[in-house]
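Participant: So here's work.txt, just compact mmCIF, C-alpha atoms (C1' of nucleotides) and all ligand atoms:
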```txt
# COMPACT_ATOMS: atom_id res chain seq x y z
CA MET A 1 11.54 26.02 -5.79
CA GLN A 2 11.76 22.84 -3.73
CA LEU A 3 10.95 20.41 -6.53
CA GLU A 4 13.55 21.78 -8.87
CA ARG A 5 16.32 21.67 -6.32
CA GLN A 6 15.56 18.14 -5.23
CA LEU A 7 15.46 16.82 -8.78
CA ARG A 8 18.57 18.62 -9.98
CA LYS A 9 20.54 17.59 -6.94
CA ALA A 10 19.83 13.96 -7.75
CA GLY A 11 20.63 14.40 -11.44
CA PHE A 12 17.11 14.25 -12.85
CA ARG A 13 15.44 16.62 -15.24
CA VAL A 14 12.70 19.06 -14.42
CA THR A 15 9.84 18.25 -16.74
CA ARG A 16 6.29 19.32 -17.21
CA ALA A 17 4.93 15.98 -16.00
CA ARG A 18 6.91 16.19 -12.79
CA ARG A 19 5.89 19.73 -12.12
CA VAL A 20 2.22 19.03 -12.66
CA VAL A 21 2.23 15.91 -10.48
CA ALA A 22 3.95 17.71 -7.62
CA ALA A 23 1.53 20.59 -8.00
CA ALA A 24 -1.43 18.23 -7.81
CA LEU A 25 -0.21 16.88 -4.49
CA ALA A 26 0.55 20.33 -3.18
CA THR A 27 -2.82 21.85 -3.95
CA ALA A 28 -4.79 18.79 -2.85
CA GLY A 29 -3.53 19.15 0.69
CA ARG A 30 -4.40 15.54 1.46
CA PRO A 31 -2.96 12.17 0.46
CA LEU A 32 -3.97 11.16 -3.07
CA SER A 33 -4.16 7.79 -4.77
CA PRO A 34 -2.33 7.45 -8.10
CA ALA A 35 -5.66 7.58 -9.90
CA GLU A 36 -6.56 10.81 -8.13
CA VAL A 37 -3.18 12.27 -8.95
CA LEU A 38 -3.71 11.42 -12.60
CA ALA A 39 -7.11 13.08 -12.65
CA ALA A 40 -5.94 16.19 -10.84
CA ALA A 41 -2.73 16.53 -12.84
CA ARG A 42 -4.56 16.24 -16.14
CA ARG A 43 -6.29 19.51 -15.45
CA GLY A 44 -2.96 21.19 -16.05
CA HIS A 45 -1.75 18.68 -18.63
CA PRO A 46 -4.53 16.86 -20.46
CA GLY A 47 -2.27 14.45 -22.33
CA LEU A 48 -0.52 13.13 -19.24
CA GLY A 49 -0.12 9.36 -19.31
CA ARG A 50 -0.91 6.88 -16.58
CA ALA A 51 2.48 5.23 -16.70
CA THR A 52 4.14 8.57 -16.23
CA VAL A 53 2.20 9.21 -13.06
CA TYR A 54 3.45 5.96 -11.56
CA ARG A 55 6.99 6.63 -12.68
CA THR A 56 6.85 10.13 -11.33
CA LEU A 57 5.41 9.20 -7.95
CA ASN A 58 8.11 6.58 -7.47
CA LEU A 59 10.74 9.07 -8.48
CA LEU A 60 9.48 11.76 -6.14
CA VAL A 61 9.57 9.25 -3.32
CA ARG A 62 13.15 8.32 -4.11
CA VAL A 63 14.08 11.96 -4.24
CA GLY A 64 12.52 12.52 -0.85
CA LEU A 65 9.79 14.94 -1.84
CA VAL A 66 6.84 12.62 -1.47
CA VAL A 67 5.86 9.95 1.04
CA PRO A 68 3.64 6.91 0.41
CA ARG A 69 1.06 6.01 3.01
CA PRO A 70 -1.07 2.86 3.21
CA GLY A 71 -4.72 2.98 4.04
CA PRO A 72 -8.04 1.34 3.38
CA GLY A 73 -8.26 1.27 -0.40
CA GLY A 74 -4.60 1.30 -1.34
CA VAL A 75 -1.51 3.47 -1.07
CA ARG A 76 -1.78 7.25 -1.15
CA TYR A 77 0.89 9.85 -1.66
CA SER A 78 1.46 13.19 -0.03
CA LEU A 79 4.19 15.78 0.11
CA ALA A 80 6.81 14.86 2.66
CA SER A 81 6.35 18.27 4.22
CA GLU A 82 2.77 17.92 5.39
CA GLY A 83 0.79 15.85 7.81
CA MET A 84 3.49 13.56 9.10
CA HIS A 85 1.90 13.37 12.54
CA ARG A 86 -1.53 11.88 12.81
CA LEU A 87 -4.06 9.72 14.51
CA VAL A 88 -5.59 7.08 12.25
CA CYS A 89 -8.52 4.83 13.00
CA ARG A 90 -7.65 1.24 12.23
CA ASN A 91 -11.31 0.45 11.66
CA CYS A 92 -12.78 3.18 9.47
CA GLY A 93 -9.60 4.94 8.33
CA ALA A 94 -10.55 8.34 9.74
CA GLU A 95 -7.60 10.62 10.29
CA ARG A 96 -6.74 13.57 12.44
CA LEU A 97 -3.65 15.66 12.19
CA LEU A 98 -1.43 16.44 15.16
CA ALA A 99 0.53 19.54 15.85
CA ASP A 100 3.35 18.73 18.19
CA CYS A 101 6.01 16.10 17.88
CA PRO A 102 8.17 14.30 20.39
CA ALA A 103 10.57 12.86 17.83
CA GLY A 104 12.15 16.02 16.50
CA GLY A 105 15.51 15.85 18.19
CA LEU A 106 16.51 12.33 17.22
CA ALA A 107 17.98 13.00 13.79
CA GLU A 108 21.58 13.62 14.87
CA GLU A 109 21.48 10.78 17.35
CA LEU A 110 20.43 8.39 14.60
CA ALA A 111 22.95 9.73 12.11
CA ARG A 112 25.68 9.12 14.63
CA ARG A 113 24.53 5.67 15.63
CA TYR A 114 23.62 4.19 12.25
CA GLY A 115 25.20 6.40 9.61
CA PHE A 116 21.72 7.22 8.37
CA GLN A 117 21.04 10.69 7.02
CA VAL A 118 17.63 11.47 8.48
CA GLU A 119 15.52 13.94 6.52
CA GLY A 120 12.08 13.51 7.95
CA HIS A 121 9.82 11.20 9.85
CA LEU A 122 6.32 9.83 10.11
CA LEU A 123 4.56 9.34 13.41
CA GLU A 124 1.19 7.61 13.33
CA PHE A 125 -0.94 6.53 16.23
CA TYR A 126 -3.30 3.63 15.57
CA GLY A 127 -6.48 2.99 17.40
CA LEU A 128 -10.19 3.71 17.35
CA CYS A 129 -11.77 7.03 16.57
CA PRO A 130 -14.55 8.24 18.88
CA ASP A 131 -17.26 6.86 16.58
CA CYS A 132 -15.80 3.41 16.13
CA ARG A 133 -15.02 3.34 19.82
CA ARG A 134 -18.64 3.91 20.71
CA ARG A 135 -19.89 1.41 18.17
CA ALA A 136 -17.49 -1.23 19.49
CA LYS A 137 -18.78 -0.95 23.04
CA PRO A 138 -21.44 -3.66 23.05
CA MET Y 1 -3.84 -16.43 22.34
CA GLN Y 2 -3.77 -12.89 20.98
CA LEU Y 3 -5.50 -13.60 17.66
CA GLU Y 4 -8.42 -15.40 19.21
CA ARG Y 5 -9.12 -12.69 21.74
CA GLN Y 6 -8.98 -9.89 19.19
CA LEU Y 7 -11.32 -11.65 16.78
CA ARG Y 8 -13.85 -12.76 19.39
CA LYS Y 9 -13.93 -9.36 21.00
CA ALA Y 10 -14.94 -7.85 17.66
CA GLY Y 11 -17.51 -10.55 16.95
CA PHE Y 12 -15.68 -12.50 14.27
CA ARG Y 13 -15.05 -16.22 14.07
CA VAL Y 14 -11.74 -17.93 14.57
CA THR Y 15 -11.11 -19.93 11.44
CA ARG Y 16 -8.33 -22.00 10.02
CA ALA Y 17 -7.58 -19.42 7.31
CA ARG Y 18 -7.23 -16.65 9.85
CA ARG Y 19 -5.01 -18.70 12.09
CA VAL Y 20 -2.72 -19.71 9.28
CA VAL Y 21 -2.43 -16.18 7.90
CA ALA Y 22 -1.58 -14.73 11.28
CA ALA Y 23 0.92 -17.53 11.83
CA ALA Y 24 2.58 -16.76 8.52
CA LEU Y 25 3.13 -13.15 9.54
CA ALA Y 26 4.31 -14.15 12.99
CA THR Y 27 6.92 -16.64 11.83
CA ALA Y 28 8.14 -14.49 8.96
CA GLY Y 29 9.27 -11.79 11.33
CA ARG Y 30 9.31 -9.22 8.54
CA PRO Y 31 6.63 -7.42 6.53
CA LEU Y 32 5.10 -9.64 3.84
CA SER Y 33 3.26 -8.82 0.66
CA PRO Y 34 -0.12 -10.47 0.15
CA ALA Y 35 1.47 -12.83 -2.37
CA GLU Y 36 4.11 -13.84 0.13
CA VAL Y 37 1.50 -14.36 2.79
CA LEU Y 38 -0.42 -16.62 0.44
CA ALA Y 39 2.66 -18.70 -0.33
CA ALA Y 40 3.71 -18.98 3.30
CA ALA Y 41 0.22 -19.71 4.58
CA ARG Y 42 -0.31 -22.46 2.03
CA ARG Y 43 2.36 -24.51 3.67
CA GLY Y 44 -0.02 -25.03 6.56
CA HIS Y 45 -3.17 -24.96 4.42
CA PRO Y 46 -2.62 -25.96 0.79
CA GLY Y 47 -6.12 -25.15 -0.41
CA LEU Y 48 -6.13 -21.58 0.87
CA GLY Y 49 -7.61 -19.16 -1.65
CA ARG Y 50 -6.19 -15.87 -2.80
CA ALA Y 51 -9.35 -13.92 -2.11
CA THR Y 52 -9.39 -15.19 1.44
CA VAL Y 53 -5.90 -13.88 2.04
CA TYR Y 54 -6.97 -10.39 1.01
CA ARG Y 55 -10.13 -10.57 3.06
CA THR Y 56 -8.20 -11.84 6.04
CA LEU Y 57 -5.47 -9.23 5.88
CA ASN Y 58 -8.04 -6.45 5.72
CA LEU Y 59 -9.88 -7.96 8.63
CA LEU Y 60 -6.79 -8.33 10.76
CA VAL Y 61 -5.99 -4.69 10.12
CA ARG Y 62 -9.47 -3.63 11.18
CA VAL Y 63 -9.16 -5.71 14.29
CA GLY Y 64 -5.85 -4.10 15.10
CA LEU Y 65 -3.62 -7.12 14.91
CA VAL Y 66 -1.85 -6.25 11.70
CA VAL Y 67 -0.47 -3.06 10.20
CA PRO Y 68 -0.03 -2.27 6.49
CA ARG Y 69 3.14 -0.56 5.37
CA PRO Y 70 3.94 0.89 1.96
CA GLY Y 71 7.27 0.38 0.31
CA PRO Y 72 8.98 -0.01 -3.01
CA GLY Y 73 6.98 -2.76 -4.66
CA GLY Y 74 3.64 -2.38 -2.94
CA VAL Y 75 2.07 -2.67 0.49
CA ARG Y 76 3.33 -5.17 3.02
CA TYR Y 77 1.79 -6.38 6.23
CA SER Y 78 3.28 -7.13 9.60
CA LEU Y 79 2.04 -7.87 13.08
CA ALA Y 80 1.19 -4.69 14.94
CA SER Y 81 3.45 -5.84 17.74
CA GLU Y 82 6.75 -5.83 15.92
CA GLY Y 83 9.04 -3.36 14.27
CA MET Y 84 7.03 -0.19 14.68
CA HIS Y 85 10.15 1.93 15.02
CA ARG Y 86 12.50 2.05 12.09
CA LEU Y 87 14.78 3.90 9.78
CA VAL Y 88 13.89 3.48 6.13
CA CYS Y 89 15.93 4.56 3.16
CA ARG Y 90 13.77 6.56 0.75
CA ASN Y 91 16.03 5.56 -2.13
CA CYS Y 92 16.64 1.80 -1.89
CA GLY Y 93 14.08 0.85 0.74
CA ALA Y 94 16.59 -0.59 3.19
CA GLU Y 95 15.31 -0.74 6.75
CA ARG Y 96 16.78 -0.81 10.17
CA LEU Y 97 14.86 -1.42 13.37
CA LEU Y 98 15.12 0.86 16.35
CA ALA Y 99 14.94 -0.05 19.97
CA ASP Y 100 13.86 2.97 21.93
CA CYS Y 101 10.90 5.21 21.47
CA PRO Y 102 10.16 8.79 22.40
CA ALA Y 103 6.42 8.58 21.74
CA GLY Y 104 5.38 6.08 24.35
CA GLY Y 105 3.75 8.40 26.82
CA LEU Y 106 1.38 10.20 24.48
CA ALA Y 107 -1.48 7.72 24.43
CA GLU Y 108 -3.43 9.15 27.39
CA GLU Y 109 -2.80 12.70 26.28
CA LEU Y 110 -4.29 11.94 22.88
CA ALA Y 111 -7.20 10.01 24.31
CA ARG Y 112 -8.03 13.01 26.46
CA ARG Y 113 -7.63 15.57 23.72
CA TYR Y 114 -9.30 13.81 20.80
CA GLY Y 115 -11.35 10.97 22.25
CA PHE Y 116 -9.16 8.56 20.33
CA GLN Y 117 -8.39 5.20 21.86
CA VAL Y 118 -4.73 4.77 21.02
CA GLU Y 119 -3.51 1.19 20.80
CA GLY Y 120 -0.19 1.49 19.07
CA HIS Y 121 1.92 3.67 16.90
CA LEU Y 122 4.35 3.71 14.02
CA LEU Y 123 7.44 5.89 13.98
CA GLU Y 124 9.48 5.92 10.79
CA PHE Y 125 12.45 8.07 9.97
CA TYR Y 126 13.07 8.72 6.28
CA GLY Y 127 16.39 9.48 4.74
CA LEU Y 128 19.37 7.88 3.12
CA CYS Y 129 21.09 4.72 4.28
CA PRO Y 130 24.90 4.78 4.50
CA ASP Y 131 25.25 3.19 1.05
CA CYS Y 132 22.89 5.52 -0.79
CA ARG Y 133 24.40 8.41 1.08
CA ARG Y 134 27.85 7.57 -0.20
CA ARG Y 135 26.63 6.98 -3.74
CA ALA Y 136 24.79 10.30 -3.74
CA LYS Y 137 27.89 12.29 -2.85
CA PRO Y 138 29.25 13.12 -6.34
C1' DA X 1 20.51 26.11 -33.22
C1' DG X 2 22.38 21.25 -32.88
C1' DT X 3 23.25 17.13 -30.18
C1' DT X 4 22.04 13.64 -27.13
C1' DA X 5 20.54 11.11 -23.35
C1' DG X 6 16.63 11.35 -20.24
C1' DT X 7 11.85 11.32 -20.47
C1' DT X 8 7.27 10.71 -22.18
C1' DG X 9 2.74 8.61 -23.89
C1' DA X 10 0.37 4.86 -26.07
C1' DG X 11 -0.83 0.52 -25.73
C1' DA X 12 0.01 -4.33 -24.78
C1' DC X 13 0.71 -6.98 -21.00
C1' DA X 14 1.12 -8.71 -16.07
C1' DT X 15 -0.09 -8.41 -11.58
C1' DT X 16 -3.01 -7.41 -7.91
C1' DG X 17 -7.42 -6.79 -5.81
C1' DT X 18 -12.70 -7.44 -5.80
C1' DA X 19 -17.48 -9.42 -6.61
C1' DT X 20 -20.35 -13.38 -6.99
C1' DC X 21 -22.06 -17.62 -5.55
C1' DA X 22 -22.37 -22.44 -4.36
C1' DT X 23 -20.30 -25.05 -0.62
C1' DT X 24 -18.30 -25.55 3.81
C1' DT X 25 -17.71 -24.56 8.70
C1' DA X 26 -17.62 -22.26 13.43
C1' DG X 27 -20.18 -21.84 17.27
C1' DG X 28 -24.36 -21.47 19.93
C1' DG X 29 -28.59 -24.00 21.21
C1' DT X 30 -30.70 -28.45 22.08
C1' DA W 1 -22.91 -35.22 20.41
C1' DC W 2 -25.94 -33.41 16.92
C1' DC W 3 -28.44 -29.48 14.46
C1' DC W 4 -29.03 -25.16 12.76
C1' DT W 5 -27.85 -20.86 10.92
C1' DA W 6 -25.17 -17.19 9.70
C1' DA W 7 -20.43 -16.42 8.75
C1' DA W 8 -16.71 -17.66 6.13
C1' DT W 9 -14.36 -20.02 2.36
C1' DG W 10 -12.59 -21.12 -2.36
C1' DA W 11 -13.26 -21.06 -7.21
C1' DT W 12 -13.97 -18.32 -10.92
C1' DA W 13 -14.82 -14.39 -13.49
C1' DC W 14 -14.02 -9.75 -13.55
C1' DA W 15 -12.07 -4.99 -12.63
C1' DA W 16 -8.41 -2.15 -11.22
C1' DT W 17 -3.78 -1.29 -10.68
C1' DG W 18 0.84 -1.35 -11.99
C1' DT W 19 4.76 -2.53 -15.44
C1' DC W 20 7.18 -2.90 -19.95
C1' DT W 21 8.44 -1.63 -24.57
C1' DC W 22 9.40 1.46 -27.97
C1' DA W 23 9.01 5.30 -31.19
C1' DA W 24 8.58 10.21 -30.58
C1' DC W 25 9.69 14.17 -27.85
C1' DT W 26 12.26 17.47 -25.04
C1' DA W 27 15.37 19.38 -21.30
C1' DA W 28 19.89 20.70 -20.75
C1' DC W 29 24.43 21.42 -22.37
C1' DT W 30 27.48 23.27 -25.96
ZN ZN A 201 -13.17 4.93 13.03
ZN ZN A 202 7.71 14.75 14.32
ZN ZN A 203 19.52 3.15 0.56
ZN ZN A 204 7.12 4.02 20.06
```
Would you mind giving the structure from this file in structure tokens?
Facilitator:
Amino acid sequence: MQLERQLRKAGFRVTRARRVVAAALATAGRPLSPAEVLAAARRGHPGLGRATVYRTLNLLVRVGLVVPRPGPGGVRYSLASEGMHRLVCRNCGAERLLADCPAGGLAEELARRYGFQVEGHLLEFYGLCPDCRRRAKP
Amino acid sequence: MQLERQLRKAGFRVTRARRVVAAALATAGRPLSPAEVLAAARRGHPGLGRATVYRTLNLLVRVGLVVPRPGPGGVRYSLASEGMHRLVCRNCGAERLLADCPAGGLAEELARRYGFQVEGHLLEFYGLCPDCRRRAKP
DNA sequence: AGTTAGTTGAGACATTGTATCATTTAGGGT
DNA sequence: ACCCTAAATGATACAATGTCTCAACTAACT
């Protein structure tokens, strides 16, 4: 499984807390706030502590499995594998996922130029959703 | 000036607090945390309140002048006009700005397809910086 | 199974963000 | 230039979010 490999490769242990947090993000299918992660993860692990959720989210980010995203109402976390291309309304926060991506081929180019090992990317377009656009007319 | 136009267009007033917050972000040239914004902005407005900084940052985001970005140690804000293309190290948070962009031409396409009015975009590549890459080898 | 260092959970604590409200101020009308 | 009014501010109290410490627990190796 993805989680196990990523953790082991970086020298961390595979624990119940980490499994249940990753699972929460995976089944949610949308970005979650730390509080939401805690709530969801506790269904599979009632005694889970708040501090552990924060520690775990930070760890999963460092390991490359999870990505933090800002938004109205704080940072949210999602698996690095889903929803990395989207339209987001700067006014109301509405989001819309995109299918295709124009940035795919740049990884090698960037590795060569900067010595960076590129593993993924985030492409967000900011603007106004149809609703906010209409409302902003007058 | 950019700030004035954006605020007026959306029906908000142009105040000293808003000017000084925007100026802080502009002169910093890098993403700032709310606390840093407060400190910087107080140089030009000693009595500035903490609550006002939060209110103002949220407003400037809604108006499209400022973009929030997550990172190790919380959300940071920067002008929407600078540094929207970067490499960021998932492990240590190091960043590196990019010059060119493969996503420029998609705005009209997206407007047509989704009714979204695209005003800007953020393209971030995640991975390991040269240092973390080396350290992760063994 | 035994050993041990990484990890956890509880709770105190610190920081960050929000709500309330009296006071001030931007901006349009006169 | 002066009023007027609604918007905005700053102080303060409060709530939420995030961090630290430490004794107890457990994953992983032998
Ligand atoms: Zn919207
Ligand atoms: Zn892509
Ligand atoms: Zn790094
Ligand atoms: Zn671009």
Participant: Around the point (-17.5, -24.5, 6.5) in the file's coordinates, collect all residues with an atom within 10 Å, using all atoms listed in the file, and return them as an NGL selection string.
Facilitator: (:Y and (15)) or (:X and (23-26)) or (:W and (7-9))
Participant: What does the file look like for those residues with C-alpha atoms (C1' of nucleotides), as an mmCIF file, in the coordinates of the input?
Facilitator:
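As a result, selection.cif now contains:
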```
data_model
loop_
_atom_site.group_PDB
_atom_site.id
_atom_site.type_symbol
_atom_site.label_atom_id
_atom_site.label_comp_id
_atom_site.auth_asym_id
_atom_site.auth_seq_id
_atom_site.Cartn_x
_atom_site.Cartn_y
_atom_site.Cartn_z
ATOM 1 C CA THR Y 15 -11.110 -19.930 11.440
ATOM 2 C "C1'" DT X 23 -20.300 -25.050 -0.620
ATOM 3 C "C1'" DT X 24 -18.300 -25.550 3.810
ATOM 4 C "C1'" DT X 25 -17.710 -24.560 8.700
ATOM 5 C "C1'" DA X 26 -17.620 -22.260 13.430
ATOM 6 C "C1'" DA W 7 -20.430 -16.420 8.750
ATOM 7 C "C1'" DA W 8 -16.710 -17.660 6.130
ATOM 8 C "C1'" DT W 9 -14.360 -20.020 2.360
#
```
Participant: At most 9 Å is the cut-off: for each residue in chain X with any atom that close to an atom of chain A, write down the nearest atom pair and the distance in Å rounded to one decimal, counting only C-alpha atoms (C1' of nucleotides), chain first then increasing number, as CSV.
Facilitator:
```
residue,atom,partner,partner_atom,distance
X:DG6,C1',A:Arg13,CA,7.4
X:DT7,C1',A:Thr15,CA,8.1
X:DT8,C1',A:Thr52,CA,7.1
X:DG9,C1',A:Gly49,CA,5.5
X:DA10,C1',A:Gly49,CA,8.1
```
Participant: Please, which residues in chain Y fall within 10 Å of ligand ZN 202 (chain A) when counting all atoms listed in the file, and what is the closest atom pair and distance in Å to one decimal for each, ordered by chain then residue number, as a tab-separated table?
Facilitator:
```
residue	atom	partner	partner_atom	distance
Y:Ala103	CA	A:ZN202	ZN	9.7
Y:Leu123	CA	A:ZN202	ZN	8.9
Y:Glu124	CA	A:ZN202	ZN	9.7
Y:Phe125	CA	A:ZN202	ZN	9.3
```
Participant: Could you tell me, as an MDAnalysis selection string, which residues have any atom at most 12 Å from (-10.3, 17.9, 12.7), counting all atoms listed in the file?
Facilitator: (chainID A and resid 86:88 94:99 129) or (chainID Y and resid 113:115)
Participant: Using all atoms listed in the file, which residues of the polymer chains come no farther than 7 Å from ligand ZN 204 (chain A)? I'd like the answer as a PDB file with C-alpha atoms, in the frame of the given file.
Facilitator:
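For reference, selection-v2.pdb as written:
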```
ATOM      1  CA  MET Y  84       7.030  -0.190  14.680  1.00  0.00           C
ATOM      2  CA  HIS Y  85      10.150   1.930  15.020  1.00  0.00           C
ATOM      3  CA  CYS Y 101      10.900   5.210  21.470  1.00  0.00           C
ATOM      4  CA  PRO Y 102      10.160   8.790  22.400  1.00  0.00           C
ATOM      5  CA  ALA Y 103       6.420   8.580  21.740  1.00  0.00           C
ATOM      6  CA  GLY Y 104       5.380   6.080  24.350  1.00  0.00           C
ATOM      7  CA  HIS Y 121       1.920   3.670  16.900  1.00  0.00           C
ATOM      8  CA  LEU Y 122       4.350   3.710  14.020  1.00  0.00           C
ATOM      9  CA  LEU Y 123       7.440   5.890  13.980  1.00  0.00           C
TER      10      LEU Y 123
END
```
Participant: How far is it from atom CA of A:Asp100 to atom CA of Y:Gly64, in Å with one decimal?
Facilitator: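 Here the two named atoms are 24.8 Å from each other.
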